[in-house]
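S.K.: Just upload-v8.pdb, nothing more (PDB, C-alpha atoms and all ligand atoms):
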```pdb
ATOM      1  CA  MET M 114      79.069  93.121 126.847  1.00  0.00           C
ATOM      2  CA  SER M 115      82.057  90.948 127.554  1.00  0.00           C
ATOM      3  CA  LEU M 116      85.677  90.846 126.576  1.00  0.00           C
ATOM      4  CA  PRO M 117      86.756  88.513 123.755  1.00  0.00           C
ATOM      5  CA  LYS M 118      88.389  85.119 124.223  1.00  0.00           C
ATOM      6  CA  CYS M 119      91.212  83.454 122.283  1.00  0.00           C
ATOM      7  CA  TRP M 120      89.830  80.755 119.953  1.00  0.00           C
ATOM      8  CA  SER M 121      92.719  78.472 120.800  1.00  0.00           C
ATOM      9  CA  CYS M 122      93.470  78.618 124.536  1.00  0.00           C
ATOM     10  CA  GLN M 123      90.266  80.364 125.708  1.00  0.00           C
ATOM     11  CA  TYR M 124      92.341  83.093 127.293  1.00  0.00           C
ATOM     12  CA  THR M 125      90.126  86.080 128.029  1.00  0.00           C
ATOM     13  CA  PHE M 126      91.687  89.261 126.742  1.00  0.00           C
ATOM     14  CA  LYS M 127      92.204  92.057 129.194  1.00  0.00           C
ATOM     15  CA  TYR M 128      90.576  95.323 128.215  1.00  0.00           C
ATOM     16  CA  LYS M 129      93.905  96.917 127.281  1.00  0.00           C
ATOM     17  CA  GLU M 130      94.952  93.896 125.220  1.00  0.00           C
ATOM     18  CA  ALA M 131      91.650  93.913 123.360  1.00  0.00           C
ATOM     19  CA  LEU M 132      92.000  97.632 122.702  1.00  0.00           C
ATOM     20  CA  THR M 133      95.378  97.132 121.028  1.00  0.00           C
ATOM     21  CA  PHE M 134      94.174  94.010 119.208  1.00  0.00           C
ATOM     22  CA  LEU M 135      93.877  95.675 115.801  1.00  0.00           C
ATOM     23  CA  ALA M 136      97.593  96.441 115.902  1.00  0.00           C
ATOM     24  CA  ILE M 137      98.763  93.058 117.224  1.00  0.00           C
ATOM     25  CA  LYS M 138      96.138  90.514 116.089  1.00  0.00           C
ATOM     26  CA  GLN M 139      97.395  87.671 118.208  1.00  0.00           C
ATOM     27  CA  CYS M 140      96.750  86.099 121.576  1.00  0.00           C
ATOM     28  CA  PRO M 141      99.004  87.474 124.330  1.00  0.00           C
ATOM     29  CA  ASN M 142      98.905  84.067 126.016  1.00  0.00           C
ATOM     30  CA  CYS M 143      99.565  81.518 123.236  1.00  0.00           C
ATOM     31  CA  GLN M 144     100.622  83.900 120.427  1.00  0.00           C
ATOM     32  CA  LYS M 145      98.137  82.310 117.981  1.00  0.00           C
ATOM     33  CA  LYS M 146      96.819  84.584 115.271  1.00  0.00           C
ATOM     34  CA  GLN M 147      93.274  85.868 115.822  1.00  0.00           C
ATOM     35  CA  TYR M 148      90.794  87.015 113.229  1.00  0.00           C
ATOM     36  CA  LEU M 149      87.555  88.858 113.786  1.00  0.00           C
ATOM     37  CA  THR M 150      84.441  86.877 112.871  1.00  0.00           C
ATOM     38  CA  SER M 151      82.286  88.392 110.122  1.00  0.00           C
ATOM     39  CA  LYS M 152      79.619  89.045 112.698  1.00  0.00           C
ATOM     40  CA  SER M 153      81.902  91.002 114.980  1.00  0.00           C
ATOM     41  CA  ASN M 154      83.483  92.760 112.026  1.00  0.00           C
ATOM     42  CA  LEU M 155      80.055  94.108 111.217  1.00  0.00           C
ATOM     43  CA  LYS M 156      79.393  94.959 114.830  1.00  0.00           C
ATOM     44  CA  THR M 157      82.653  96.876 115.135  1.00  0.00           C
ATOM     45  CA  GLY M 158      82.149  98.751 111.881  1.00  0.00           C
ATOM     46  CA  ILE M 159      78.616 100.022 112.099  1.00  0.00           C
ATOM     47  CA  PRO M 160      78.152 101.449 115.621  1.00  0.00           C
ATOM     48  CA  PRO M 161      81.040 103.949 115.427  1.00  0.00           C
ATOM     49  CA  VAL M 162      79.593 105.360 112.219  1.00  0.00           C
ATOM     50  CA  LEU M 163      76.097 105.617 113.709  1.00  0.00           C
ATOM     51  CA  ILE M 164      77.383 107.051 116.962  1.00  0.00           C
ATOM     52  CA  MET M 165      79.383 109.650 115.088  1.00  0.00           C
ATOM     53  CA  LEU M 166      76.841 110.713 112.536  1.00  0.00           C
ATOM     54  CA  ILE M 167      73.408 110.557 114.115  1.00  0.00           C
ATOM     55  CA  PRO M 168      73.698 112.506 117.411  1.00  0.00           C
ATOM     56  CA  GLY M 169      75.655 115.289 115.774  1.00  0.00           C
ATOM     57  CA  PHE M 170      73.231 115.467 112.908  1.00  0.00           C
ATOM     58  CA  ILE M 171      70.207 115.633 115.216  1.00  0.00           C
ATOM     59  CA  LEU M 172      71.916 118.195 117.410  1.00  0.00           C
ATOM     60  CA  ARG M 173      72.559 120.466 114.452  1.00  0.00           C
ATOM     61  CA  LEU M 174      68.879 120.347 113.519  1.00  0.00           C
ATOM     62  CA  PHE M 175      67.750 121.714 116.861  1.00  0.00           C
ATOM     63  CA  VAL M 176      70.624 123.731 118.208  1.00  0.00           C
ATOM     64  CA  ASP M 177      72.656 126.302 116.435  1.00  0.00           C
ATOM     65  CA  ILE M 178      76.124 125.165 117.464  1.00  0.00           C
ATOM     66  CA  SER M 179      79.382 126.262 115.986  1.00  0.00           C
ATOM     67  CA  PHE M 180      81.295 123.997 113.654  1.00  0.00           C
ATOM     68  CA  ILE M 181      84.178 123.728 116.161  1.00  0.00           C
ATOM     69  CA  LEU M 182      81.818 122.590 118.930  1.00  0.00           C
ATOM     70  CA  TYR M 183      80.160 120.185 116.520  1.00  0.00           C
ATOM     71  CA  MET M 184      83.544 118.712 115.585  1.00  0.00           C
ATOM     72  CA  SER M 185      84.609 118.312 119.225  1.00  0.00           C
ATOM     73  CA  ILE M 186      81.382 116.451 119.962  1.00  0.00           C
ATOM     74  CA  ILE M 187      82.019 114.145 116.998  1.00  0.00           C
ATOM     75  CA  VAL M 188      85.605 113.510 118.123  1.00  0.00           C
ATOM     76  CA  GLY M 189      84.407 112.839 121.685  1.00  0.00           C
ATOM     77  CA  LEU M 190      81.801 110.361 120.463  1.00  0.00           C
ATOM     78  CA  PHE M 191      84.370 108.713 118.222  1.00  0.00           C
ATOM     79  CA  VAL M 192      86.737 108.195 121.166  1.00  0.00           C
ATOM     80  CA  LEU M 193      83.871 106.669 123.161  1.00  0.00           C
ATOM     81  CA  ALA M 194      83.044 104.353 120.265  1.00  0.00           C
ATOM     82  CA  VAL M 195      86.669 103.223 119.986  1.00  0.00           C
ATOM     83  CA  LEU M 196      86.828 102.604 123.737  1.00  0.00           C
ATOM     84  CA  ALA M 197      83.721 100.412 123.503  1.00  0.00           C
ATOM     85  CA  LEU M 198      85.078  98.382 120.567  1.00  0.00           C
ATOM     86  CA  PRO M 199      86.819  95.596 122.545  1.00  0.00           C
ATOM     87  CA  PHE M 200      83.444  94.444 123.831  1.00  0.00           C
ATOM     88  CA  SER M 201      82.194  93.610 120.358  1.00  0.00           C
ATOM     89  CA  TYR M 202      85.219  91.553 119.279  1.00  0.00           C
ATOM     90  CA  GLU M 203      84.843  87.842 118.615  1.00  0.00           C
ATOM     91  CA  PHE M 204      87.874  85.901 117.510  1.00  0.00           C
ATOM     92  CA  THR M 205      88.167  83.017 115.134  1.00  0.00           C
ATOM     93  CA  LYS M 206      90.894  80.820 113.685  1.00  0.00           C
ATOM     94  CA  LYS M 207      90.439  81.645 110.002  1.00  0.00           C
ATOM     95  CA  LYS M 208      89.900  84.884 108.213  1.00  0.00           C
ATOM     96  CA  GLU M 209      86.216  85.185 107.362  1.00  0.00           C
ATOM     97  CA  PRO M 210      84.809  87.198 104.453  1.00  0.00           C
ATOM     98  CA  LEU M 211      83.273  90.531 105.424  1.00  0.00           C
ATOM     99  CA  PHE M 212      79.750  89.608 104.351  1.00  0.00           C
TER     100      PHE M 212
HETATM  101 ZN    ZN M 301      95.503  81.988 123.143  1.00  0.00          ZN
END
```
Show me the file's structure as structure tokens.
Ligand SMILES: [Zn+2]

M.R.:
Amino acid sequence: MSLPKCWSCQYTFKYKEALTFLAIKQCPNCQKKQYLTSKSNLKTGIPPVLIMLIPGFILRLFVDISFILYMSIIVGLFVLAVLALPFSYEFTKKKEPLF
């Protein structure tokens, strides 16, 4: 787990900068455009889905929890997944295809 680097100037993104990357998509140091590599695109897409679906699903099998509680757990897990996202980013110069 490490924070992503700019492909151009090797500037290491701060956690907060990486977190807002999806909105800005450029290096805060040299202003060059950054794209996610296909590999990191995959890594950022799959874990949040797994994190959100699996624990809640398993929990519902064993414990009789209310829908509201179930939803708050899902939202909590989703927030955690989003907060962990910056660590799976890898930047590249050109836009890569998804697969
Ligand atoms: Zn840079």

S.K.: Once the PyMOL selection byres (((not hetatm)) within 7 of (chain M and resi 301)) has been applied to the shown file, what residues remain in the selection, as an MDAnalysis selection string?

M.R.: chainID M and resid 119:124 140:145

S.K.: Enumerate, as an MDAnalysis selection string, the residues matched when the PyMOL selection byres (((chain M and resi 207) around 8) and not hetatm) is run on the file above.

M.R.: chainID M and resid 147:148 205:206 208:209

S.K.: Taking only C-alpha atoms into account, name the residue in M:Ser179, M:Thr157, M:Met165, M:Phe170 that is nearest to Leu193 (chain M).

M.R.: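 Looking only at the distances to Leu193 (chain M), the closest residue turns out to be M:Met165.
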
S.K.: What does the structure give for the distance between CA of Leu190 (chain M) and CA of Phe204 (chain M), in Å to one decimal?

M.R.: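 Here the two named atoms are 25.4 Å from each other.
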
S.K.: How far is it from CA of Ile164 (chain M) to CA of Ala194 (chain M), in Å with one decimal?

M.R.: 7.1 Å

S.K.: Run the PyMOL selection byres (((chain M and resi 195-197) around 10) and not hetatm) against the file shown and list the residues it catches, as a PyMOL selection string.

M.R.: chain M and resi 114+128-129+131-132+157+160-161+190-194+198-202

S.K.: To one decimal in Å, tell me the separation between CA of Ile186 (chain M) and CA of Asn154 (chain M).

M.R.: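 Computing it gives 25.1 Å between the two atoms.
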
S.K.: Identify which of the residues M:Glu130, M:Ser153, M:Leu174, M:Ile137 lies closest to Glu203 (chain M), counting all atoms listed in the file when measuring atom-to-atom distances.

M.R.: M:Ser153

S.K.: Hey, could you pull the box centre and edge lengths for region 171-176 of chain M, axis-aligned, 5 Å padding per side, all listed atoms, to one decimal in Å, as lines of an AutoDock Vina configuration file?

M.R.:
```
center_x = 70.2
center_y = 119.7
center_z = 115.9
size_x = 14.8
size_y = 18.1
size_z = 14.7
```

S.K.: Select, from M:Val188, M:Ile171, M:Ile178, M:Leu149, the residue with the minimum atom-to-atom distance to Lys118 (chain M), counting all atoms listed in the file.

M.R.: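 Distance minimum relative to Lys118 (chain M) lands on M:Leu149.
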